[in-house]
Amino acid sequence: MSEPAVAEGRGIALHRVGAMILRHWYLLLSSWPRLLELTYWPALQIITWGFLQSYIAQNDSFFARAGGTLIGAVILWDILFRGQLGFSISFLEEMWARNLGNLMMSPLKPIELLIAMMVMSLIRLAIGVIPMTLLALFFFDFNFYAIGLPLIAFFCNLIFTSWSVGILISGLVLRNGLGAESIVWTLMFVMLPLACIYYPVSVLPPWLQYVAWALPPTYVFEGMRALLIDRTFRADLMLDSLVINAVLFVASFVIFLALLRSAKRHGSLLGGGE
């Protein structure tokens with residue numbers, strides 16, 4: 001075997017990753033209901049919560065001073081949730097088509113499959129969130145992009161969390177079958193009260209605050225409030241979040257590989273994980 005072939009076998013082949021991305025891109029473009037679903041719920045959320053923010057701001061001096069905190073929280077939460085959902089749905093598409101057995105018998109590596117799912121989550125996320133931010137600007141005069149460079153730190157930490165959860169969920173569904181696919185839509189909501197999306201960590205009971213600080217999104221939402229209310233960028237919060245995200249990402253990948261090996265031993269790949 002030639003040296004280039006050996007090197008390719010050991011490394012990540014971008015053409016295989018690109019082929020998987022192209023497959024899911026064509027799948028997405030071929031179905032207008034899929035595209036509509038990506039934009040419908042984010043648009044509905046920003047309009048509903050935006051009008052609530054406007055109403056509260058008219059009757060509460062704090063929200064009048066801290067205008068946009070609720071809308072910003074809604075957008076950041078949607079980045080977190082849609083990032084995970086975009087990853088998991090792309091993975092489920094392969095299970096619904098009973099194609100995972102074929103993929104695992106091909107030269108495609110698990111890491112290449114996961115990278116392709118990550119890229120697809122970004123594409124799906126952009127389709128849903130960009131119109132959402134434009135609606136926030138048009139209806140409520142909230143320019144999400146005016147946050148500037150801190151927005152990059154917010155986004156990176158949230159997307160890493162969403163990928164970690166997406167990888168873990170994909171492994172669980174792979175091992176336990178499509179009967180467990182409901183966790184794709186429900187597991188992330190466990191973070192909703194604990195990540196302090198709409199309120200500061202200080203609102204929680206003292207013992208529950210330790211749990212909240214163990215979740216990387218908590219640092220992002222605390223950082224957003226510090227930026228919008230106090231006009232201060234908390235780089236320390238972003239670094240703490242990044243460290244936790246790194247641990248979660250590695251752990252989720254290791255767990256996924258273990259669940260994949262278990263699925264292979266039990267012969268569940270050919271049956272779509274059933």
# chains A, B, ... in the order shown; residues from 1 in each chain; ligands from 1
call {"tool": "residues_around", "arguments": {"residues": "Ile75 of chain A", "least_positions_apart": "6", "cutoff": "8 Å", "atoms": "only C-alpha atoms", "output": "PyMOL selection string"}}
result
chain A and resi 46+129+132-133
call {"tool": "write_last_selection", "arguments": {"atoms": "N, CA, C and O atoms", "output": "short mmCIF file (atom, residue, chain, number, x, y, z; two decimals), in the first residue's frame"}}
result
data_model
loop_
_atom_site.label_atom_id
_atom_site.label_comp_id
_atom_site.auth_asym_id
_atom_site.auth_seq_id
_atom_site.Cartn_x
_atom_site.Cartn_y
_atom_site.Cartn_z
N ILE A 46 -39.21 34.43 18.91
CA ILE A 46 -38.69 35.78 19.05
C ILE A 46 -39.81 36.80 19.05
O ILE A 46 -39.75 37.81 19.76
N VAL A 129 -31.61 30.78 12.79
CA VAL A 129 -31.27 31.87 13.71
C VAL A 129 -31.09 33.21 12.99
O VAL A 129 -31.46 34.26 13.54
N MET A 132 -34.23 34.93 12.62
CA MET A 132 -34.65 35.27 13.98
C MET A 132 -34.03 36.58 14.44
O MET A 132 -34.70 37.46 15.02
N THR A 133 -32.74 36.74 14.20
CA THR A 133 -32.06 37.97 14.61
C THR A 133 -32.55 39.18 13.79
O THR A 133 -32.61 40.30 14.32
#
call {"tool": "residues_around", "arguments": {"residues": "Pro217 of chain A", "least_positions_apart": "3", "cutoff": "9 Å", "atoms": "only C-alpha atoms", "output": "list of chain:residue names"}}
result
A:Trp77, A:Leu80, A:Phe154, A:Asn157, A:Leu158, A:Thr161, A:Met191, A:Ala195, A:Cys196, A:Ile197, A:Ala212, A:Trp213, A:Val220, A:Phe221, A:Glu222, A:Ser241
call {"tool": "closest_atom_pairs", "arguments": {"of": "segment 54-152 of chain A", "to": "segment 9-30 of chain A", "cutoff": "7 Å", "atoms": "only C-alpha atoms", "output": "Markdown table"}}
result
| residue | atom | partner | partner_atom | distance |
| --- | --- | --- | --- | --- |
| A:Leu108 | CA | A:Arg16 | CA | 6.4 |
| A:Glu112 | CA | A:Val17 | CA | 5.5 |
| A:Leu113 | CA | A:Val17 | CA | 6.7 |
| A:Ile115 | CA | A:Val17 | CA | 6.9 |
| A:Ala116 | CA | A:Val17 | CA | 5.4 |
| A:Met120 | CA | A:Ile21 | CA | 6.4 |
call {"tool": "write_last_selection", "arguments": {"atoms": "N, CA and C atoms", "output": "PDB file, in the first residue's frame"}}
result
ATOM      1  N   LEU A 108     -15.835   5.349   5.806  1.00  0.00           N
ATOM      2  CA  LEU A 108     -16.149   6.483   6.669  1.00  0.00           C
ATOM      3  C   LEU A 108     -15.873   6.133   8.131  1.00  0.00           C
ATOM      4  N   GLU A 112     -15.333  11.163  11.318  1.00  0.00           N
ATOM      5  CA  GLU A 112     -15.728  11.868  10.100  1.00  0.00           C
ATOM      6  C   GLU A 112     -17.236  12.042  10.044  1.00  0.00           C
ATOM      7  N   LEU A 113     -17.964  11.035  10.479  1.00  0.00           N
ATOM      8  CA  LEU A 113     -19.417  11.144  10.547  1.00  0.00           C
ATOM      9  C   LEU A 113     -19.832  12.251  11.498  1.00  0.00           C
ATOM     10  N   ILE A 115     -18.060  14.868  12.490  1.00  0.00           N
ATOM     11  CA  ILE A 115     -17.688  16.179  11.951  1.00  0.00           C
ATOM     12  C   ILE A 115     -18.719  16.651  10.932  1.00  0.00           C
ATOM     13  N   ALA A 116     -19.179  15.731  10.072  1.00  0.00           N
ATOM     14  CA  ALA A 116     -20.199  16.083   9.088  1.00  0.00           C
ATOM     15  C   ALA A 116     -21.486  16.527   9.777  1.00  0.00           C
ATOM     16  N   MET A 120     -23.390  20.183   9.564  1.00  0.00           N
ATOM     17  CA  MET A 120     -24.820  20.284   9.232  1.00  0.00           C
ATOM     18  C   MET A 120     -25.588  21.023  10.319  1.00  0.00           C
TER      19      MET A 120
END
call {"tool": "residues_around", "arguments": {"residues": "Pro150 of chain A", "least_positions_apart": "2", "cutoff": "10 Å", "atoms": "only C-alpha atoms", "output": "list in words"}}
result
Tyr145, Ala146, Ile147, Gly148, Ile152, Ala153, Phe154, Phe155, Val220, Gly223, Met224, Leu227, Phe233, Arg234, Ala235 and Met238 of chain A
call {"tool": "select_by_dssp", "arguments": {"residues": "segment 1-222 of chain A", "states": "alpha helix (DSSP H)", "output": "PyMOL selection string"}}
result
chain A and resi 3-10+14-29+32-59+61-65+69-96+100-105+110-140+150-176+183-186+191-194+206-213+216-222
call {"tool": "residues_around", "arguments": {"residues": "Arg175 of chain A", "least_positions_apart": "4", "cutoff": "7 Å", "atoms": "only C-alpha atoms", "output": "list of chain:residue names"}}
result
A:Gly171, A:Leu259, A:Leu260, A:Ser262, A:Ala263, A:Gly273
call {"tool": "closest_residue", "arguments": {"among": "A:Ser106, A:Leu174, A:Leu36, A:Leu168", "to": "Lys264 of chain A", "atoms": "only C-alpha atoms"}}
result
A:Leu174
call {"tool": "atom_distance", "arguments": {"atom1": "atom CA of Tyr199 of chain A", "atom2": "atom CA of Ile89 of chain A"}}
result
29.5 Å
call {"tool": "atom_distance", "arguments": {"atom1": "atom CA of Leu38 of chain A", "atom2": "atom CA of Gly128 of chain A"}}
result
5.0 Å
call {"tool": "residues_around", "arguments": {"residues": "Ser170 of chain A", "least_positions_apart": "5", "cutoff": "9 Å", "atoms": "only C-alpha atoms", "output": "ChimeraX atom specification"}}
result
/A:87-88,91-92,165,175,181,184,256
call {"tool": "write_last_selection", "arguments": {"atoms": "all heavy atoms", "output": "PDB file, in the first residue's frame"}}
result
ATOM      1  N   PHE A  87     -27.755  18.775  14.930  1.00  0.00           N
ATOM      2  CA  PHE A  87     -26.840  17.627  14.950  1.00  0.00           C
ATOM      3  C   PHE A  87     -27.631  16.326  15.041  1.00  0.00           C
ATOM      4  O   PHE A  87     -27.417  15.396  14.253  1.00  0.00           O
ATOM      5  CB  PHE A  87     -25.887  17.760  16.136  1.00  0.00           C
ATOM      6  CG  PHE A  87     -24.858  16.672  16.227  1.00  0.00           C
ATOM      7  CD1 PHE A  87     -23.553  16.922  15.840  1.00  0.00           C
ATOM      8  CD2 PHE A  87     -25.173  15.399  16.688  1.00  0.00           C
ATOM      9  CE1 PHE A  87     -22.583  15.930  15.913  1.00  0.00           C
ATOM     10  CE2 PHE A  87     -24.219  14.398  16.759  1.00  0.00           C
ATOM     11  CZ  PHE A  87     -22.922  14.660  16.379  1.00  0.00           C
ATOM     12  N   SER A  88     -28.532  16.252  16.011  1.00  0.00           N
ATOM     13  CA  SER A  88     -29.243  15.003  16.283  1.00  0.00           C
ATOM     14  C   SER A  88     -30.182  14.612  15.147  1.00  0.00           C
ATOM     15  O   SER A  88     -30.302  13.424  14.818  1.00  0.00           O
ATOM     16  CB  SER A  88     -30.033  15.132  17.599  1.00  0.00           C
ATOM     17  OG  SER A  88     -29.166  15.422  18.676  1.00  0.00           O
ATOM     18  N   PHE A  91     -28.304  13.029  12.374  1.00  0.00           N
ATOM     19  CA  PHE A  91     -27.944  11.662  12.728  1.00  0.00           C
ATOM     20  C   PHE A  91     -29.166  10.743  12.619  1.00  0.00           C
ATOM     21  O   PHE A  91     -29.073   9.612  12.124  1.00  0.00           O
ATOM     22  CB  PHE A  91     -27.376  11.618  14.144  1.00  0.00           C
ATOM     23  CG  PHE A  91     -26.774  10.294  14.520  1.00  0.00           C
ATOM     24  CD1 PHE A  91     -25.453  10.012  14.206  1.00  0.00           C
ATOM     25  CD2 PHE A  91     -27.512   9.333  15.173  1.00  0.00           C
ATOM     26  CE1 PHE A  91     -24.885   8.799  14.539  1.00  0.00           C
ATOM     27  CE2 PHE A  91     -26.958   8.109  15.511  1.00  0.00           C
ATOM     28  CZ  PHE A  91     -25.646   7.830  15.198  1.00  0.00           C
ATOM     29  N   LEU A  92     -30.319  11.248  13.074  1.00  0.00           N
ATOM     30  CA  LEU A  92     -31.534  10.437  12.995  1.00  0.00           C
ATOM     31  C   LEU A  92     -31.942  10.150  11.560  1.00  0.00           C
ATOM     32  O   LEU A  92     -32.542   9.105  11.275  1.00  0.00           O
ATOM     33  CB  LEU A  92     -32.684  11.145  13.725  1.00  0.00           C
ATOM     34  CG  LEU A  92     -32.715  11.044  15.251  1.00  0.00           C
ATOM     35  CD1 LEU A  92     -33.883  11.842  15.809  1.00  0.00           C
ATOM     36  CD2 LEU A  92     -32.807   9.593  15.700  1.00  0.00           C
ATOM     37  N   VAL A 165     -23.838  17.495  23.752  1.00  0.00           N
ATOM     38  CA  VAL A 165     -25.131  16.868  24.047  1.00  0.00           C
ATOM     39  C   VAL A 165     -25.620  16.075  22.843  1.00  0.00           C
ATOM     40  O   VAL A 165     -26.166  14.970  22.984  1.00  0.00           O
ATOM     41  CB  VAL A 165     -26.160  17.933  24.469  1.00  0.00           C
ATOM     42  CG1 VAL A 165     -27.528  17.293  24.690  1.00  0.00           C
ATOM     43  CG2 VAL A 165     -25.704  18.649  25.735  1.00  0.00           C
ATOM     44  N   ARG A 175     -27.642   3.075  20.486  1.00  0.00           N
ATOM     45  CA  ARG A 175     -27.582   1.848  21.292  1.00  0.00           C
ATOM     46  C   ARG A 175     -28.961   1.343  21.700  1.00  0.00           C
ATOM     47  O   ARG A 175     -29.206   0.128  21.738  1.00  0.00           O
ATOM     48  CB  ARG A 175     -26.738   2.102  22.546  1.00  0.00           C
ATOM     49  CG  ARG A 175     -26.636   0.876  23.469  1.00  0.00           C
ATOM     50  CD  ARG A 175     -25.990  -0.294  22.747  1.00  0.00           C
ATOM     51  NE  ARG A 175     -26.032  -1.521  23.534  1.00  0.00           N
ATOM     52  CZ  ARG A 175     -27.039  -2.382  23.518  1.00  0.00           C
ATOM     53  NH1 ARG A 175     -28.111  -2.153  22.756  1.00  0.00           N
ATOM     54  NH2 ARG A 175     -26.987  -3.490  24.242  1.00  0.00           N
ATOM     55  N   GLU A 181     -35.793   7.909  20.658  1.00  0.00           N
ATOM     56  CA  GLU A 181     -35.510   9.131  19.920  1.00  0.00           C
ATOM     57  C   GLU A 181     -36.171  10.372  20.524  1.00  0.00           C
ATOM     58  O   GLU A 181     -35.783  11.495  20.209  1.00  0.00           O
ATOM     59  CB  GLU A 181     -35.950   9.010  18.460  1.00  0.00           C
ATOM     60  CG  GLU A 181     -37.444   8.930  18.235  1.00  0.00           C
ATOM     61  CD  GLU A 181     -37.785   8.854  16.754  1.00  0.00           C
ATOM     62  OE1 GLU A 181     -37.786   9.913  16.097  1.00  0.00           O
ATOM     63  OE2 GLU A 181     -38.042   7.743  16.269  1.00  0.00           O
ATOM     64  N   VAL A 184     -34.091  13.236  21.920  1.00  0.00           N
ATOM     65  CA  VAL A 184     -33.519  14.243  21.025  1.00  0.00           C
ATOM     66  C   VAL A 184     -34.173  15.600  21.275  1.00  0.00           C
ATOM     67  O   VAL A 184     -33.512  16.637  21.255  1.00  0.00           O
ATOM     68  CB  VAL A 184     -33.693  13.815  19.549  1.00  0.00           C
ATOM     69  CG1 VAL A 184     -33.369  14.963  18.596  1.00  0.00           C
ATOM     70  CG2 VAL A 184     -32.799  12.611  19.253  1.00  0.00           C
ATOM     71  N   PHE A 256     -19.747   8.006  23.054  1.00  0.00           N
ATOM     72  CA  PHE A 256     -20.322   7.649  21.750  1.00  0.00           C
ATOM     73  C   PHE A 256     -19.611   6.437  21.164  1.00  0.00           C
ATOM     74  O   PHE A 256     -20.260   5.507  20.657  1.00  0.00           O
ATOM     75  CB  PHE A 256     -20.230   8.833  20.788  1.00  0.00           C
ATOM     76  CG  PHE A 256     -20.720   8.522  19.399  1.00  0.00           C
ATOM     77  CD1 PHE A 256     -22.071   8.630  19.092  1.00  0.00           C
ATOM     78  CD2 PHE A 256     -19.842   8.119  18.397  1.00  0.00           C
ATOM     79  CE1 PHE A 256     -22.536   8.335  17.819  1.00  0.00           C
ATOM     80  CE2 PHE A 256     -20.288   7.826  17.119  1.00  0.00           C
ATOM     81  CZ  PHE A 256     -21.646   7.940  16.831  1.00  0.00           C
TER      82      PHE A 256
END
call {"tool": "residues_around", "arguments": {"residues": "Ile244 of chain A", "least_positions_apart": "5", "cutoff": "9 Å", "atoms": "only C-alpha atoms", "output": "JSON, numbers by chain"}}
result
{"A": [214, 215, 216, 239, 249]}
call {"tool": "atom_distance", "arguments": {"atom1": "atom CA of Val211 of chain A", "atom2": "atom CA of Ala246 of chain A"}}
result
17.8 Å
call {"tool": "closest_residue", "arguments": {"among": "A:Gln58, A:Thr69, A:Pro33, A:Leu103", "to": "Tyr198 of chain A", "atoms": "only C-alpha atoms"}}
result
A:Thr69
